[in-house]
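So this block is structure_3.cif, mmCIF, C-alpha atoms and all ligand atoms:
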```
data_entry
loop_
_atom_site.label_atom_id
_atom_site.label_comp_id
_atom_site.auth_asym_id
_atom_site.auth_seq_id
_atom_site.Cartn_x
_atom_site.Cartn_y
_atom_site.Cartn_z
CA MET R 1 81.81 -124.90 -33.32
CA ASN R 2 85.35 -123.62 -33.79
CA ILE R 3 87.18 -121.87 -30.98
CA THR R 4 90.77 -121.05 -30.12
CA LEU R 5 92.30 -122.07 -26.81
CA LYS R 6 94.96 -119.58 -25.75
CA ILE R 7 96.87 -121.57 -23.17
CA GLN R 8 99.66 -120.38 -20.91
CA ARG R 9 102.66 -122.65 -21.42
CA PHE R 10 105.84 -122.96 -19.41
CA ASN R 11 108.56 -125.57 -19.51
CA PRO R 12 111.02 -124.93 -16.65
CA GLU R 13 113.74 -126.78 -18.55
CA THR R 14 113.65 -124.63 -21.67
CA ASP R 15 111.65 -121.41 -21.03
CA SER R 16 112.76 -118.30 -19.17
CA GLY R 17 109.13 -117.46 -18.39
CA PRO R 18 105.52 -118.30 -19.26
CA ARG R 19 104.17 -117.55 -22.73
CA PHE R 20 100.86 -118.15 -24.50
CA ARG R 21 100.26 -120.59 -27.35
CA GLU R 22 97.08 -120.78 -29.37
CA TYR R 23 95.34 -123.95 -30.52
CA ALA R 24 92.36 -124.06 -32.88
CA VAL R 25 89.90 -126.74 -31.78
CA GLN R 26 86.57 -128.00 -33.02
CA VAL R 27 84.14 -128.68 -30.17
CA GLU R 28 80.47 -129.03 -29.39
CA PRO R 29 79.03 -126.12 -27.37
CA THR R 30 78.11 -128.70 -24.73
CA ASP R 31 81.65 -130.07 -24.49
CA ARG R 32 83.53 -129.17 -21.34
CA VAL R 33 86.65 -127.03 -21.39
CA LEU R 34 88.37 -130.16 -20.09
CA ASP R 35 87.33 -131.98 -23.29
CA ALA R 36 88.87 -129.19 -25.36
CA LEU R 37 92.13 -129.43 -23.38
CA MET R 38 92.20 -133.20 -23.79
CA SER R 39 91.64 -132.80 -27.51
CA VAL R 40 94.65 -130.45 -27.74
CA LYS R 41 96.75 -132.92 -25.77
CA SER R 42 95.73 -135.97 -27.76
CA SER R 43 95.79 -134.52 -31.27
CA GLN R 44 97.98 -131.39 -31.28
CA ASP R 45 100.51 -131.27 -28.47
CA GLY R 46 101.12 -134.19 -26.13
CA SER R 47 103.47 -132.11 -24.01
CA LEU R 48 100.62 -129.94 -22.62
CA GLY R 49 100.53 -130.34 -18.84
CA PHE R 50 97.35 -130.08 -16.74
CA ARG R 51 95.81 -132.05 -13.88
CA LYS R 52 92.50 -133.87 -13.96
CA SER R 53 91.16 -137.00 -12.42
CA CYS R 54 87.44 -137.57 -11.84
CA GLY R 55 86.12 -135.41 -14.67
CA HIS R 56 82.96 -134.75 -12.65
CA GLY R 57 83.64 -131.93 -10.20
CA VAL R 58 84.54 -134.20 -7.30
CA CYS R 59 88.33 -134.48 -7.01
CA GLY R 60 89.19 -130.77 -7.31
CA SER R 61 92.30 -131.35 -9.41
CA ASP R 62 91.47 -129.32 -12.53
CA ALA R 63 90.88 -125.84 -11.12
CA MET R 64 92.39 -123.24 -13.44
CA ILE R 65 91.76 -119.71 -14.60
CA ILE R 66 89.44 -119.70 -17.60
CA ASN R 67 88.82 -116.29 -19.19
CA GLY R 68 90.08 -114.60 -16.05
CA GLN R 69 88.05 -116.54 -13.50
CA GLU R 70 88.90 -119.59 -11.40
CA ARG R 71 86.80 -122.56 -12.52
CA LEU R 72 86.91 -126.35 -12.76
CA ALA R 73 87.62 -127.26 -16.40
CA CYS R 74 85.38 -130.33 -16.03
CA LYS R 75 82.42 -128.28 -14.79
CA THR R 76 82.70 -125.52 -17.38
CA LEU R 77 80.91 -125.98 -20.69
CA VAL R 78 82.49 -124.38 -23.73
CA ARG R 79 79.25 -122.47 -24.42
CA GLU R 80 79.54 -120.79 -20.98
CA VAL R 81 82.82 -119.15 -21.94
CA ALA R 82 82.79 -118.79 -25.74
CA THR R 83 80.72 -118.53 -28.87
CA GLU R 84 81.74 -119.48 -32.42
CA GLY R 85 85.18 -118.18 -33.35
CA GLN R 86 86.05 -116.81 -29.92
CA VAL R 87 89.25 -117.22 -27.96
CA VAL R 88 89.24 -118.90 -24.52
CA THR R 89 92.21 -117.96 -22.37
CA ILE R 90 93.44 -120.59 -19.90
CA GLN R 91 96.00 -119.97 -17.15
CA PRO R 92 97.17 -121.80 -14.04
CA LEU R 93 95.92 -120.87 -10.55
CA LYS R 94 97.60 -117.92 -8.83
CA HIS R 95 99.39 -117.74 -5.47
CA LEU R 96 101.07 -121.14 -5.91
CA PRO R 97 104.46 -121.77 -7.56
CA LEU R 98 104.23 -122.61 -11.25
CA GLN R 99 105.54 -126.08 -12.10
CA ARG R 100 104.76 -126.48 -15.79
CA ASP R 101 102.01 -125.23 -18.14
CA LEU R 102 98.78 -125.36 -16.07
CA LEU R 103 100.35 -127.28 -13.18
CA VAL R 104 101.05 -125.53 -9.89
CA GLU R 105 102.86 -126.80 -6.80
CA GLN R 106 100.05 -127.42 -4.29
CA GLY R 107 102.17 -128.21 -1.21
CA GLU R 108 101.77 -124.82 0.50
CA PHE R 109 97.99 -124.85 -0.03
CA PHE R 110 97.69 -128.21 1.68
CA ALA R 111 100.16 -127.23 4.43
CA ARG R 112 97.93 -124.24 5.33
CA TRP R 113 94.86 -126.49 5.24
CA ARG R 114 96.57 -128.97 7.58
CA SER R 115 97.58 -126.15 9.95
CA VAL R 116 93.96 -125.67 11.07
CA LYS R 117 93.72 -129.35 12.10
CA PRO R 118 90.87 -130.20 9.72
CA TYR R 119 89.68 -133.30 11.57
CA LEU R 120 87.47 -134.09 14.55
CA ILE R 121 89.05 -133.23 17.90
CA SER R 122 87.16 -134.23 21.03
CA ASP R 123 88.10 -134.46 24.68
CA ARG R 124 84.82 -136.19 25.46
CA PRO R 125 84.98 -139.99 25.67
CA VAL R 126 82.82 -141.90 23.21
CA PRO R 127 79.95 -143.55 25.11
CA GLU R 128 80.99 -147.21 25.33
CA GLY R 129 79.74 -149.23 22.40
CA LYS R 130 77.97 -146.19 20.95
CA GLU R 131 78.50 -143.42 18.46
CA ARG R 132 78.40 -139.75 19.37
CA PRO R 133 74.76 -138.77 18.84
CA GLN R 134 73.92 -135.69 16.80
CA SER R 135 70.54 -134.20 15.92
CA PRO R 136 69.66 -133.30 12.30
CA GLU R 137 69.89 -129.61 13.28
CA GLU R 138 73.37 -130.10 14.75
CA ARG R 139 74.43 -131.92 11.57
CA GLN R 140 73.01 -129.15 9.39
CA ALA R 141 75.06 -126.53 11.25
CA PHE R 142 78.24 -127.55 9.38
CA GLU R 143 76.77 -128.89 6.12
CA ASP R 144 78.00 -126.04 3.90
CA PRO R 145 81.79 -126.47 4.27
CA THR R 146 81.58 -130.29 4.00
CA LYS R 147 81.17 -129.70 0.25
CA CYS R 148 84.76 -128.45 -0.13
CA ILE R 149 86.85 -130.45 -2.63
CA LEU R 150 90.11 -128.58 -1.88
CA CYS R 151 90.44 -127.33 -5.44
CA ALA R 152 92.22 -124.10 -4.34
CA ALA R 153 90.09 -121.90 -6.63
CA CYS R 154 89.33 -119.63 -3.66
CA TYR R 155 93.00 -119.52 -2.68
CA SER R 156 93.87 -118.31 -6.17
CA ALA R 157 91.06 -115.73 -6.30
CA CYS R 158 91.66 -114.20 -2.84
CA PRO R 159 93.00 -110.63 -3.29
CA ILE R 160 94.56 -110.66 0.20
CA LEU R 161 97.05 -113.29 -1.01
CA ASP R 162 98.12 -111.03 -3.91
CA GLU R 163 100.46 -108.70 -2.04
CA LYS R 164 98.78 -107.54 1.12
CA ASN R 165 99.42 -110.75 3.05
CA PRO R 166 100.88 -113.72 1.13
CA ARG R 167 101.06 -115.57 4.47
CA PHE R 168 97.25 -115.50 4.91
CA VAL R 169 96.16 -119.03 5.81
CA GLY R 170 93.53 -118.71 3.08
CA PRO R 171 89.79 -119.13 2.65
CA ALA R 172 89.77 -122.90 2.10
CA ALA R 173 91.66 -123.60 5.32
CA ILE R 174 89.26 -121.45 7.33
CA ALA R 175 86.19 -123.02 5.71
CA ASN R 176 87.58 -126.43 6.61
CA ALA R 177 88.21 -125.29 10.18
CA ALA R 178 84.57 -124.10 10.31
CA ARG R 179 83.52 -127.58 9.20
CA PHE R 180 84.73 -128.84 12.59
CA LEU R 181 84.27 -125.76 14.79
CA PHE R 182 80.50 -125.94 14.20
CA ASP R 183 80.31 -129.70 14.69
CA SER R 184 78.61 -130.38 18.03
CA ARG R 185 80.97 -133.34 18.64
CA ASP R 186 84.14 -131.25 18.30
CA THR R 187 85.97 -129.50 21.13
CA GLY R 188 89.04 -128.41 19.14
CA LEU R 189 88.71 -124.61 19.10
CA ALA R 190 91.73 -124.06 21.40
CA ALA R 191 93.89 -126.43 19.35
CA ARG R 192 93.07 -124.48 16.17
CA LEU R 193 93.58 -120.98 17.57
CA PRO R 194 97.34 -120.83 16.83
CA ALA R 195 96.54 -121.11 13.11
CA LEU R 196 93.35 -119.03 13.11
CA ASP R 197 93.61 -116.31 15.78
CA ARG R 198 96.54 -114.32 14.40
CA PRO R 199 97.15 -111.62 11.78
CA ASP R 200 97.78 -114.27 9.08
CA GLY R 201 94.70 -116.22 10.19
CA VAL R 202 91.04 -115.18 10.06
CA TRP R 203 91.85 -111.53 10.81
CA ALA R 204 93.56 -111.09 7.43
CA CYS R 205 90.22 -111.50 5.63
CA GLU R 206 88.63 -108.22 4.53
CA ASN R 207 85.42 -109.64 3.10
CA HIS R 208 86.20 -109.22 -0.59
CA PHE R 209 83.88 -112.20 -1.33
CA GLU R 210 86.03 -113.41 -4.26
CA CYS R 211 86.28 -116.87 -2.64
CA THR R 212 82.51 -117.14 -2.47
CA ARG R 213 82.17 -115.89 -6.05
CA VAL R 214 84.47 -118.52 -7.58
CA CYS R 215 83.83 -121.56 -5.36
CA PRO R 216 82.67 -124.29 -7.77
CA ARG R 217 80.82 -126.02 -4.94
CA GLY R 218 78.73 -122.98 -4.04
CA ILE R 219 80.12 -122.81 -0.51
CA LYS R 220 79.48 -119.53 1.31
CA VAL R 221 83.17 -119.25 2.06
CA THR R 222 83.15 -115.65 3.31
CA ARG R 223 80.21 -116.42 5.60
CA ASN R 224 82.15 -119.35 7.06
CA ILE R 225 85.13 -117.06 7.67
CA ASN R 226 82.93 -114.50 9.43
CA LEU R 227 81.24 -117.18 11.55
CA THR R 228 84.69 -118.41 12.55
CA LYS R 229 85.76 -114.87 13.51
CA ARG R 230 82.66 -114.59 15.70
CA ARG R 231 83.32 -118.00 17.26
CA ILE R 232 86.89 -116.97 18.16
CA LYS R 233 85.69 -113.70 19.70
CA GLY R 234 83.33 -115.85 21.78
S1 LIG C 1 86.07 -123.60 -0.53
FE1 LIG C 1 85.35 -123.94 -2.66
S2 LIG C 1 86.89 -122.90 -3.95
FE2 LIG C 1 87.81 -123.16 -1.91
S3 LIG C 1 88.96 -125.10 -2.03
FE3 LIG C 1 86.91 -125.59 -1.21
S4 LIG C 1 85.67 -126.14 -3.04
FE4 LIG C 1 87.52 -125.09 -3.80
S1 LIG C 2 88.64 -133.50 -12.81
FE1 LIG C 2 87.96 -133.84 -10.73
S2 LIG C 2 87.04 -131.93 -10.23
FE2 LIG C 2 87.50 -131.70 -12.33
#
```
In structure tokens, what does this structure look like?
Ligand code: SF4
Ligand code: FES
Amino acid sequence: MNITLKIQRFNPETDSGPRFREYAVQVEPTDRVLDALMSVKSSQDGSLGFRKSCGHGVCGSDAMIINGQERLACKTLVREVATEGQVVTIQPLKHLPLQRDLLVEQGEFFARWRSVKPYLISDRPVPEGKERPQSPEERQAFEDPTKCILCAACYSACPILDEKNPRFVGPAAIANAARFLFDSRDTGLAARLPALDRPDGVWACENHFECTRVCPRGIKVTRNINLTKRRIKG
């Protein structure tokens, strides 16, 4: 099938601002949008910038806005977003500084993620020579947010980060805090409160559910935020 990719381009060395360029490509309906981008790069314009690594929805590096919604280019089939002759619009994620074309500066996203201390904190000594035991039910309690691949799709889609509160720690950071707050081995709630229990922390969320809608891993992000709010209230 023939489609047109309308891709946002920006070269900080030569452009005063972003602009769109269109590329006609021939693809199979079952090709991924990532395949279409790679075809543009290899046969039409080698200067096109975008990130990708695993190609299989694991590394989280190719989140972008495809026809207005945050998606992973490697998990989106062309037939899901276009039929013969249609135009597919591709833009970089929002709420992060634009570097070039579809590349955004991810430093602030990861800084906010790190601020919630997304690792096991425990003041209980490990039983000598043993691991910390955990029942299947206790393990299940934090299964959902373990699926996060830190793609930042939710961070881009969150309307709170638009203008209302650009300092909001963001849905991904809170989901990753929940990953540990609901782990029976973890005792790190107090250590995480400075990042979570403040106006820019969990309390900035107004339950718009955009994070849950776009998460390519199907994580119930808003639910994790609300569980974290409840946990903080005690
Ligand atoms: S919660 Fe989902 S959308 Fe947000 S960073 Fe993790 S995988 Fe991506
Ligand atoms: S390239 Fe790794 S998630 Fe898409």
Within 9 Å of file point (80.0, -120.0, -14.7), counting all atoms listed in the file, expressed as a VMD selection string | chain R and resid 69 71 75 to 77 80 to 81 214 216
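Considering only C-alpha atoms and all ligand atoms, the residues that reside within 10 Å of ligand LIG 2 (chain C) can be listed as R:Leu34, R:Arg51, R:Lys52, R:Ser53, R:Cys54, R:Gly55, R:His56, R:Gly57, R:Val58, R:Cys59, R:Gly60, R:Ser61, R:Asp62, R:Ala63, R:Met64, R:Arg71, R:Leu72, R:Ala73, R:Cys74, R:Lys75, R:Thr76, R:Ile149, R:Leu150, R:Cys151, R:Pro216.
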Excluding same-chain residues fewer than 4 positions from Lys147 of chain R, what lies within 9 Å of it counting all atoms listed in the file, as a short mmCIF file (atom, residue, chain, number, x, y, z; two decimals) with C-alpha atoms, keeping the file's coordinate frame?
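Saved as result_32.cif:
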```cif
data_model
loop_
_atom_site.label_atom_id
_atom_site.label_comp_id
_atom_site.auth_asym_id
_atom_site.auth_seq_id
_atom_site.Cartn_x
_atom_site.Cartn_y
_atom_site.Cartn_z
CA GLU R 143 76.77 -128.89 6.12
CA ARG R 217 80.82 -126.02 -4.94
CA GLY R 218 78.73 -122.98 -4.04
CA ILE R 219 80.12 -122.81 -0.51
#
```
So for ligand LIG 1 (chain C), what box centre and size do we get, axis-aligned, 5 Å extra on each of the six sides, every listed atom, Å to one decimal, as lines of an AutoDock Vina configuration file?
```
center_x = 87.2
center_y = -124.5
center_z = -2.2
size_x = 13.6
size_y = 13.2
size_z = 13.4
```
Please provide as a PyMOL selection string all residues within 9 Å of Thr83 of chain R, with the sequence filter that same-chain residues fewer than 3 positions apart are discarded (counting all atoms listed in the file).
-> chain R and resi 1-3+29+78-80+86-87
For Ile160 of chain R, the nearest of the candidates R:Gln26, R:Asn207, R:Thr14, R:Gln44, counting only C-alpha atoms = R:Asn207
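Put simply, atom CA of Arg100 of chain R is 23.0 Å away from atom S4 of ligand LIG 1 (chain C).
In terms of minimum interatomic distance to ligand LIG 1 (chain C), R:Asp144 ranks closest within R:Asp200, R:Glu128, R:Glu163, R:Asp144, counting only C-alpha atoms and all ligand atoms.
Atom pair atom CA of Ser122 of chain R / atom CA of Leu227 of chain R has a distance of 20.4 Å (rounded to one decimal).
When all atoms listed in the file are used to measure the gap to Val169 of chain R, the shortest distance among R:Ala141, R:Ala191, R:Leu102, R:Val116 belongs to R:Val116.
With only C-alpha atoms as the basis for measurement, R:Leu103 is the residue among R:Ile66, R:Ile90, R:Leu103, R:Ala36 that approaches Pro12 of chain R most closely.
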So which residues touch Thr228 of chain R within 8 Å, counting all atoms listed in the file, skipping near sequence neighbours fewer than 4 positions away, as a list of chain:residue names?
-> R:Ile174, R:Ala178, R:Leu181, R:Val202, R:Asn224, R:Ile232
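Take atom CA of Arg185 of chain R and atom CA of Ala153 of chain R: the distance between them is 29.2 Å.
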